[in-house]
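Text of the file input.cif, holding mmCIF, C-alpha atoms and all ligand atoms:
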```
data_protein
loop_
_atom_site.label_atom_id
_atom_site.label_comp_id
_atom_site.auth_asym_id
_atom_site.auth_seq_id
_atom_site.Cartn_x
_atom_site.Cartn_y
_atom_site.Cartn_z
CA MET T 171 111.68 95.35 93.25
CA GLU T 172 111.16 94.63 96.97
CA GLY T 173 112.00 90.95 96.70
CA SER T 174 111.72 87.75 94.74
CA TYR T 175 109.83 84.74 96.13
CA ASP T 176 108.96 81.16 95.24
CA VAL T 177 105.36 81.68 96.33
CA ILE T 178 103.30 84.78 97.06
CA ILE T 179 99.98 84.25 98.82
CA ILE T 180 97.29 86.93 98.59
CA GLY T 181 95.04 86.93 101.67
CA ALA T 182 95.44 86.63 105.44
CA GLY T 183 92.56 84.33 106.41
CA PHE T 184 92.19 80.56 106.96
CA ALA T 185 93.25 79.73 103.40
CA GLY T 186 96.16 82.19 103.19
CA TYR T 187 97.76 81.40 106.57
CA THR T 188 97.43 77.64 106.01
CA ALA T 189 98.97 77.95 102.55
CA ALA T 190 101.80 79.96 104.15
CA ILE T 191 102.41 77.28 106.82
CA TYR T 192 102.60 74.50 104.23
CA SER T 193 104.61 76.52 101.72
CA ALA T 194 107.22 77.55 104.31
CA ARG T 195 107.46 73.96 105.56
CA TYR T 196 108.15 72.87 101.96
CA LYS T 197 111.11 75.29 102.29
CA LEU T 198 109.75 77.58 99.61
CA LYS T 199 110.58 81.28 100.02
CA THR T 200 107.11 82.46 100.98
CA LEU T 201 105.49 85.89 101.25
CA LEU T 202 101.92 86.44 102.39
CA ILE T 203 100.32 89.80 101.53
CA GLY T 204 97.04 90.48 103.32
CA LYS T 205 94.84 93.56 103.53
CA GLU T 206 92.92 92.70 106.71
CA PRO T 207 94.81 90.37 109.10
CA GLY T 208 92.66 87.37 110.00
CA GLY T 209 90.11 87.85 107.21
CA LEU T 210 86.36 87.41 107.49
CA ILE T 211 86.29 85.19 110.59
CA THR T 212 87.53 88.08 112.76
CA GLU T 213 83.88 89.23 112.58
CA ALA T 214 82.74 86.11 114.46
CA HIS T 215 82.73 86.68 118.21
CA GLN T 216 82.55 82.94 118.79
CA VAL T 217 83.61 80.00 116.61
CA GLU T 218 82.32 76.64 117.84
CA ASN T 219 82.89 74.35 114.87
CA TYR T 220 86.63 74.57 114.24
CA PRO T 221 88.03 71.21 115.37
CA GLY T 222 90.45 71.42 118.29
CA TYR T 223 88.73 74.45 119.84
CA LYS T 224 85.36 74.04 121.53
CA LYS T 225 84.90 77.81 121.69
CA ILE T 226 87.25 80.51 120.45
CA SER T 227 86.82 84.01 119.05
CA GLY T 228 87.55 84.36 115.34
CA LEU T 229 90.26 86.93 116.10
CA GLU T 230 92.08 84.69 118.58
CA LEU T 231 91.92 81.71 116.21
CA MET T 232 93.47 83.74 113.41
CA GLN T 233 96.18 85.12 115.70
CA LYS T 234 97.20 81.50 116.31
CA PHE T 235 97.24 80.80 112.56
CA GLU T 236 99.37 83.89 111.94
CA GLU T 237 101.83 83.07 114.71
CA GLN T 238 102.28 79.56 113.35
CA ALA T 239 102.83 80.82 109.79
CA ARG T 240 105.51 83.25 111.01
CA GLU T 241 107.19 80.57 113.13
CA CYS T 242 107.34 78.28 110.10
CA GLY T 243 109.29 80.97 108.25
CA ALA T 244 106.72 82.74 106.07
CA LYS T 245 107.08 86.50 105.72
CA ILE T 246 103.78 88.32 106.32
CA ILE T 247 103.02 91.90 105.36
CA ILE T 248 99.87 94.01 105.59
CA ASP T 249 99.23 95.59 102.20
CA GLU T 250 96.73 95.42 99.36
CA VAL T 251 97.51 93.78 96.04
CA VAL T 252 96.28 96.16 93.34
CA GLY T 253 97.53 94.38 90.22
CA LEU T 254 99.50 91.46 88.84
CA ASP T 255 101.40 90.87 85.59
CA HIS T 256 102.38 87.52 84.25
CA LEU T 257 105.67 87.87 82.42
CA THR T 258 106.23 85.64 79.43
CA LYS T 259 109.64 84.76 78.05
CA GLU T 260 109.93 83.35 74.52
CA GLY T 261 106.30 82.29 74.53
CA LYS T 262 106.72 80.46 77.85
CA ALA T 263 105.05 81.58 81.05
CA SER T 264 107.49 82.87 83.64
CA ASN T 265 107.31 84.77 86.91
CA PHE T 266 104.48 86.95 88.24
CA ILE T 267 104.96 90.59 89.21
CA ILE T 268 102.74 91.76 92.07
CA HIS T 269 101.89 95.45 92.62
CA THR T 270 100.65 96.70 95.98
CA SER T 271 98.83 99.83 97.09
CA SER T 272 102.00 101.04 98.82
CA THR T 273 103.59 101.03 95.33
CA LYS T 274 105.83 98.06 96.14
CA LEU T 275 106.69 95.45 93.51
CA TYR T 276 107.33 91.78 94.23
CA GLU T 277 108.27 88.90 91.95
CA SER T 278 107.15 85.32 92.41
CA LYS T 279 107.31 81.97 90.62
CA ALA T 280 103.83 80.99 91.83
CA VAL T 281 100.84 82.88 93.24
CA ILE T 282 98.05 81.59 95.48
CA PHE T 283 94.84 83.62 95.64
CA ALA T 284 93.31 83.27 99.11
CA SER T 285 91.48 86.56 98.87
CA GLY T 286 88.04 85.52 100.14
CA THR T 287 84.91 87.55 99.46
CA LYS T 288 83.87 91.19 99.73
CA LYS T 289 80.65 92.04 101.58
CA ARG T 290 77.56 92.56 99.39
CA LYS T 291 75.53 95.74 99.88
CA LEU T 292 71.82 96.28 99.29
CA ASP T 293 72.15 99.08 96.75
CA ILE T 294 69.00 100.94 97.79
CA PRO T 295 68.38 104.71 98.21
CA GLY T 296 70.02 106.19 101.31
CA GLN T 297 72.91 103.70 101.37
CA LYS T 298 75.75 106.16 100.91
CA GLU T 299 74.13 108.76 103.18
CA PHE T 300 73.71 106.40 106.15
CA GLU T 301 76.74 104.11 105.91
CA SER T 302 78.33 104.16 109.40
CA LYS T 303 75.42 106.40 110.50
CA GLY T 304 73.12 103.48 111.13
CA VAL T 305 73.96 101.18 108.20
CA HIS T 306 76.66 98.62 109.06
CA TYR T 307 78.32 95.50 107.66
CA CYS T 308 80.14 94.15 110.74
CA ALA T 309 78.20 93.29 113.90
CA THR T 310 81.35 92.36 115.83
CA CYS T 311 82.74 95.82 115.15
CA ASP T 312 79.60 97.90 115.71
CA ALA T 313 77.11 95.96 117.87
CA PRO T 314 78.25 97.65 121.14
CA PHE T 315 76.95 101.01 119.80
CA TYR T 316 73.39 99.67 119.97
CA LYS T 317 72.95 99.10 123.70
CA ASN T 318 69.18 99.23 124.48
CA LYS T 319 68.39 100.31 120.89
CA THR T 320 66.31 98.75 118.13
CA VAL T 321 68.20 97.19 115.25
CA GLY T 322 67.56 95.17 112.13
CA VAL T 323 69.69 92.46 110.54
CA VAL T 324 69.18 91.77 106.84
CA GLY T 325 69.74 88.18 105.67
CA GLY T 326 69.01 84.59 106.65
CA SER T 327 72.36 82.80 106.42
CA ASN T 328 74.82 81.90 109.18
CA ALA T 329 76.42 85.35 108.95
CA ALA T 330 73.04 87.06 109.52
CA ALA T 331 72.18 84.68 112.36
CA PHE T 332 75.58 85.31 113.99
CA ALA T 333 74.98 89.05 113.77
CA ALA T 334 71.50 88.72 115.33
CA ASP T 335 72.91 86.45 118.04
CA LEU T 336 75.51 89.06 118.97
CA LEU T 337 73.17 92.04 118.70
CA ARG T 338 70.60 90.50 121.04
CA GLN T 339 73.22 90.79 123.78
CA TYR T 340 73.15 94.59 123.42
CA ALA T 341 69.94 95.78 121.74
CA LYS T 342 66.49 95.82 123.28
CA LYS T 343 64.89 94.59 120.03
CA VAL T 344 66.33 92.83 116.99
CA TYR T 345 64.42 92.37 113.73
CA LEU T 346 65.81 89.70 111.43
CA ILE T 347 64.56 90.60 107.97
CA TYR T 348 64.88 87.91 105.33
CA ARG T 349 63.59 87.75 101.75
CA LYS T 350 62.84 84.01 101.93
CA GLU T 351 60.33 81.98 103.93
CA GLU T 352 62.72 80.11 106.23
CA LEU T 353 66.16 80.90 107.67
CA ARG T 354 69.03 78.93 106.11
CA CYS T 355 71.49 79.17 109.00
CA GLU T 356 72.54 76.29 111.27
CA PRO T 357 69.34 74.79 112.77
CA MET T 358 70.70 75.07 116.35
CA LEU T 359 71.29 78.78 115.92
CA ALA T 360 67.91 79.30 114.24
CA ASP T 361 66.20 77.59 117.21
CA ALA T 362 68.03 79.83 119.71
CA LEU T 363 67.02 82.99 117.83
CA LYS T 364 63.40 81.92 117.43
CA ALA T 365 63.17 81.19 121.16
CA ASP T 366 64.30 84.71 122.18
CA PRO T 367 61.37 87.15 122.64
CA LYS T 368 63.75 90.03 121.85
CA ILE T 369 64.07 88.75 118.29
CA GLU T 370 61.38 89.11 115.67
CA ILE T 371 61.86 87.45 112.31
CA ILE T 372 60.20 89.16 109.35
CA TYR T 373 60.09 86.69 106.45
CA SER T 374 59.57 87.21 102.69
CA THR T 375 60.43 90.90 102.95
CA ASN T 376 63.03 93.18 101.35
CA LEU T 377 64.30 96.62 102.35
CA THR T 378 63.65 99.27 99.70
CA GLU T 379 65.09 102.45 101.28
CA TYR T 380 67.07 103.79 104.25
CA LYS T 381 65.53 106.96 105.77
CA GLY T 382 66.45 109.45 108.48
CA SER T 383 67.84 112.93 109.04
CA LYS T 384 71.43 112.95 110.29
CA PHE T 385 71.33 109.28 111.33
CA LEU T 386 69.22 106.35 110.19
CA GLU T 387 65.73 106.42 111.75
CA LYS T 388 63.74 103.91 109.71
CA VAL T 389 63.74 101.59 106.73
CA MET T 390 61.08 101.08 104.08
CA LEU T 391 59.89 97.54 103.38
CA ASP T 392 58.38 96.07 100.22
CA LYS T 393 55.65 94.36 102.30
CA GLU T 394 53.55 95.55 105.21
CA HIS T 395 54.65 94.64 108.71
CA ASN T 396 52.09 95.47 111.45
CA ASP T 397 50.07 97.44 108.83
CA SER T 398 52.99 99.63 107.80
CA LYS T 399 55.75 99.58 105.22
CA GLU T 400 57.92 101.69 107.56
CA LEU T 401 60.03 100.03 110.23
CA ALA T 402 61.61 102.25 112.89
CA VAL T 403 65.20 101.16 113.65
CA ASP T 404 68.32 102.82 115.05
CA GLY T 405 70.64 100.61 113.05
CA ILE T 406 70.71 98.03 110.25
CA PHE T 407 73.32 95.31 109.82
CA VAL T 408 73.49 93.97 106.26
CA GLU T 409 74.59 90.31 106.10
CA ILE T 410 73.70 89.11 102.62
CA GLY T 411 76.84 87.27 101.66
CA GLY T 412 79.86 88.22 99.65
CA LEU T 413 81.32 88.57 96.19
CA PRO T 414 84.56 86.66 95.55
CA ALA T 415 87.62 88.97 95.37
CA SER T 416 88.68 87.44 92.06
CA ILE T 417 89.18 90.37 89.71
CA HIS T 418 93.01 90.26 89.64
CA ALA T 419 93.00 86.49 89.03
CA ALA T 420 90.52 86.94 86.16
CA LYS T 421 92.79 89.57 84.58
CA LEU T 422 95.57 86.95 84.51
CA GLY T 423 93.28 84.55 82.65
CA ALA T 424 91.78 82.47 85.48
CA GLU T 425 88.30 81.14 84.69
CA LEU T 426 85.44 82.54 86.81
CA GLY T 427 82.07 80.93 87.60
CA PRO T 428 78.58 82.50 87.73
CA ILE T 429 79.16 84.41 90.99
CA LYS T 430 82.68 85.42 89.91
CA GLU T 431 84.31 82.66 91.96
CA ILE T 432 87.69 81.36 90.73
CA ILE T 433 87.26 77.92 89.18
CA VAL T 434 89.82 75.47 90.54
CA ASN T 435 90.19 71.71 90.23
CA SER T 436 90.65 69.33 93.18
CA LYS T 437 94.34 70.37 93.37
CA CYS T 438 93.41 74.07 93.64
CA GLU T 439 94.94 74.73 90.21
CA THR T 440 93.44 77.42 87.97
CA LYS T 441 93.70 77.32 84.19
CA VAL T 442 96.84 79.52 84.42
CA PRO T 443 100.11 77.67 85.11
CA GLY T 444 101.60 78.78 88.43
CA LEU T 445 98.35 80.40 89.59
CA PHE T 446 96.45 78.64 92.38
CA ALA T 447 93.46 79.57 94.53
CA ALA T 448 91.98 78.44 97.85
CA GLY T 449 89.09 79.20 100.19
CA ASP T 450 85.97 81.32 99.81
CA VAL T 451 87.24 82.98 96.60
CA THR T 452 86.96 79.64 94.76
CA ASN T 453 84.12 77.43 93.53
CA THR T 454 84.15 75.66 96.90
CA PRO T 455 80.90 73.90 97.81
CA LEU T 456 81.12 75.12 101.45
CA ARG T 457 82.32 78.57 102.54
CA GLN T 458 83.71 77.66 105.97
CA GLY T 459 87.05 77.99 107.75
CA ILE T 460 87.90 74.31 107.84
CA VAL T 461 87.38 73.99 104.08
CA ALA T 462 89.39 77.15 103.33
CA ALA T 463 92.27 75.88 105.49
CA GLY T 464 92.17 72.48 103.77
CA GLN T 465 92.26 74.11 100.35
CA GLY T 466 95.15 76.32 101.50
CA SER T 467 97.21 73.20 102.21
CA ILE T 468 96.35 71.72 98.80
CA ALA T 469 97.16 74.96 96.94
CA ALA T 470 100.56 75.17 98.67
CA THR T 471 101.32 71.55 97.78
CA SER T 472 100.43 72.20 94.13
CA ALA T 473 102.60 75.33 94.19
CA TYR T 474 105.47 73.28 95.65
CA LYS T 475 105.12 70.75 92.83
CA TYR T 476 105.01 73.58 90.27
CA VAL T 477 108.05 75.43 91.65
CA SER T 478 110.24 72.42 92.51
CA GLY T 479 109.19 70.14 89.64
CA LYS T 480 109.12 67.29 92.19
CA SER T 481 106.58 64.50 91.96
CA MET T 482 104.12 64.41 94.85
CA GLY T 483 103.31 60.73 94.54
CA SER T 484 100.13 59.01 93.49
CA GLY T 485 97.03 61.09 92.98
CA TRP T 486 98.93 64.32 92.33
C1 LIG L 501 79.94 86.58 110.86
C2 LIG L 501 80.60 85.34 110.31
C3 LIG L 501 80.71 84.21 111.08
C4 LIG L 501 81.33 83.07 110.59
N1 LIG L 501 81.45 81.98 111.40
C5 LIG L 501 82.09 80.89 110.97
C6 LIG L 501 82.28 79.78 111.86
O1 LIG L 501 81.82 79.77 113.01
N2 LIG L 501 82.99 78.71 111.40
C7 LIG L 501 83.50 78.68 110.13
O2 LIG L 501 84.17 77.69 109.77
N3 LIG L 501 83.34 79.71 109.26
C8 LIG L 501 82.64 80.81 109.66
N4 LIG L 501 82.44 81.87 108.80
C9 LIG L 501 82.94 81.74 107.42
C10 LIG L 501 84.46 81.97 107.37
O3 LIG L 501 84.74 83.24 107.94
C11 LIG L 501 85.00 81.92 105.94
O4 LIG L 501 84.61 80.73 105.32
C12 LIG L 501 86.52 82.01 105.95
O5 LIG L 501 86.94 83.19 106.59
C13 LIG L 501 87.11 81.95 104.55
O6 LIG L 501 88.49 82.05 104.64
P1 LIG L 501 89.36 82.59 103.43
O7 LIG L 501 90.77 82.50 103.89
O8 LIG L 501 88.99 81.90 102.18
O9 LIG L 501 88.93 84.11 103.20
P2 LIG L 501 88.86 85.34 104.19
O10 LIG L 501 88.81 84.94 105.61
O11 LIG L 501 87.76 86.20 103.67
O12 LIG L 501 90.25 86.09 103.98
C14 LIG L 501 90.52 86.80 102.80
C15 LIG L 501 91.77 87.61 102.99
O13 LIG L 501 92.17 88.15 101.74
C16 LIG L 501 92.48 89.53 101.92
N5 LIG L 501 92.39 90.19 100.62
C17 LIG L 501 91.34 90.29 99.76
N6 LIG L 501 91.71 90.98 98.66
C18 LIG L 501 93.00 91.32 98.83
C19 LIG L 501 93.95 92.07 98.06
N7 LIG L 501 93.64 92.57 96.87
N8 LIG L 501 95.19 92.25 98.57
C20 LIG L 501 95.54 91.74 99.77
N9 LIG L 501 94.69 91.03 100.55
C21 LIG L 501 93.44 90.83 100.08
C22 LIG L 501 91.49 89.97 102.96
O14 LIG L 501 91.88 91.20 103.54
C23 LIG L 501 91.60 88.80 103.94
O15 LIG L 501 92.75 88.93 104.73
C24 LIG L 501 81.82 83.04 109.26
C25 LIG L 501 81.69 84.17 108.45
C26 LIG L 501 81.08 85.32 108.96
C27 LIG L 501 80.94 86.55 108.11
#
```

Using structure tokens, write down the structure that the file contains.
Amino acid sequence: MEGSYDVIIIGAGFAGYTAAIYSARYKLKTLLIGKEPGGLITEAHQVENYPGYKKISGLELMQKFEEQARECGAKIIIDEVVGLDHLTKEGKASNFIIHTSSTKLYESKAVIFASGTKKRKLDIPGQKEFESKGVHYCATCDAPFYKNKTVGVVGGSNAAAFAADLLRQYAKKVYLIYRKEELRCEPMLADALKADPKIEIIYSTNLTEYKGSKFLEKVMLDKEHNDSKELAVDGIFVEIGGLPASIHAAKLGAELGPIKEIIVNSKCETKVPGLFAAGDVTNTPLRQGIVAAGQGSIAATSAYKYVSGKSMGSGW
């Protein structure tokens, strides 16, 4: 056993770091285990709606969160949680055992899932063949490879709009291909994209296949565009949302909703005593940083109440 903690937090994004700050300030022995430091927002080249910062890159914002969590006394390690056991003693729930991909074992009285979502893929022919050879899932990481090239972005949400917004700074042409009739991203961003002659939005259309030789050369569409179902592109960025990383919580008995999100109440409690969840992995009504951070603080407060047995006053 590597160590025994009051609280172990799984995830190094808005929710996880905030939970770590609160948990450490409650003087709980706190460990945060995160696979990708900073989480999903590190893909955003510019964040303009996180209060306190008019403009900041996602990476820089998360570096500030991490620094604060460390300064408050939380231990942070980069590793992947691959399994959890919930020990029971004489019929009563007791500590959790956490297994990581580096074969380390940790024990904890409470666990907070702040594990976010995993990117969804299109699941069409050619996917495996062209992944990283023209098919991408992170514009921040890969946009610079497409200087003066033609690219497509699949999706119509904020994430897709962000990707198109970044890609237009490099590519000579950006197709935004969306299966619905109107974009559902922030109206200000939609207006900016629609006003740029470099960007062409193809509505009510799905991709059906990736094609090329060594690298991606074109995609097939389920509807004609300029009299053809073929669209020549050098790269495609898929931004069609995510699936909550909830499998390990479900195995412990946490209830999941229709898109496999962890169901929590207003105190970020799951149905399993000692198991809490916060951020995009939950049944949150809004998948945004500010909400994930807020839920992280609530989850840590619930964990504090659970571990210490102390009353948190009215409403808790
Ligand atoms: C391109 C883009 C732009 C965005 N722009 C904005 C914006 O401007 N403003 C805004 O508020 N929101 C924005 N969002 C949404 C925002 O990124 C998310 O709402 C937020 O990151 C959710 O935080 P989280 O902590 O719940 O999860 P995440 O940030 O997804 O973090 C999850 C963490 O859990 C880790 N993890 C998962 N499974 C395991 C495991 N088994 N073991 C260990 N670690 C694990 C991951 O590695 C990661 O560190 C954007 C999203 C995208 C994709």

Contacts to ligand LIG 501 (chain L) at 7 Å cut-off (only C-alpha atoms and all ligand atoms) as a PyMOL selection string: chain T and resi 180-186+203-211+213-214+216-220+249-252+284-287+328-329+332-333+415+448-451+457-460+462-463

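If only C-alpha atoms are the atoms counted, then among T:Glu356, T:Glu172, T:Glu431, T:Glu379 the closest residue to Thr270 of chain T is T:Glu172.
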
Polymer residues at most 10 Å from Ala330 of chain T, only C-alpha atoms, same-chain spacing of 5 or more positions, as a PyMOL selection string: chain T and resi 309+323-325+335-336+346-348+353-355+407-411

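The list of residues within 10 Å of (110.7, 87.4, 95.0), counted using all atoms listed in the file, is Met171, Glu172, Gly173, Ser174, Tyr175, Asp176, Val177, Ile178, Lys199, Thr200, Leu201, Asn265, Phe266, Ile267, Ile268, Leu275, Tyr276, Glu277, Ser278, Lys279 and Ala280 of chain T.
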
Might you pull out every residue within 7 Å of Tyr187 of chain T, with all atoms listed in the file counted and same-chain residues fewer than 5 positions away left off, and present them as a CSV table (one decimal) with C-alpha atoms, in the frame of the given file?
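The resulting file, selection29.csv, is shown below:
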```csv
chain,number,residue,atom,x,y,z
T,182,ALA,CA,95.4,86.6,105.4
T,235,PHE,CA,97.2,80.8,112.6
T,236,GLU,CA,99.4,83.9,111.9
T,239,ALA,CA,102.8,80.8,109.8
```

Long-range neighbours of Glu394 of chain T as a compact mmCIF listing (two decimals) with C-alpha atoms, in the frame of the given file, 10 Å cut-off, all atoms listed in the file, 6 positions minimum in chain:
```txt
# COMPACT_ATOMS: atom_id res chain seq x y z
CA THR T 375 60.43 90.90 102.95
CA GLU T 400 57.92 101.69 107.56
CA LEU T 401 60.03 100.03 110.23
```

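Nearest residue to Val477 of chain T, choosing from T:Ile429, T:Leu445, T:Ile246, T:Leu257 and counting only C-alpha atoms: T:Leu445.
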
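Among the candidates T:Gln339, T:Asn318, T:Ser272, T:Ser327, the one nearest to Pro357 of chain T when counting only C-alpha atoms is T:Ser327.
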
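The coordinates place atom CA of Val461 of chain T at 17.1 Å from atom CA of Ile179 of chain T.
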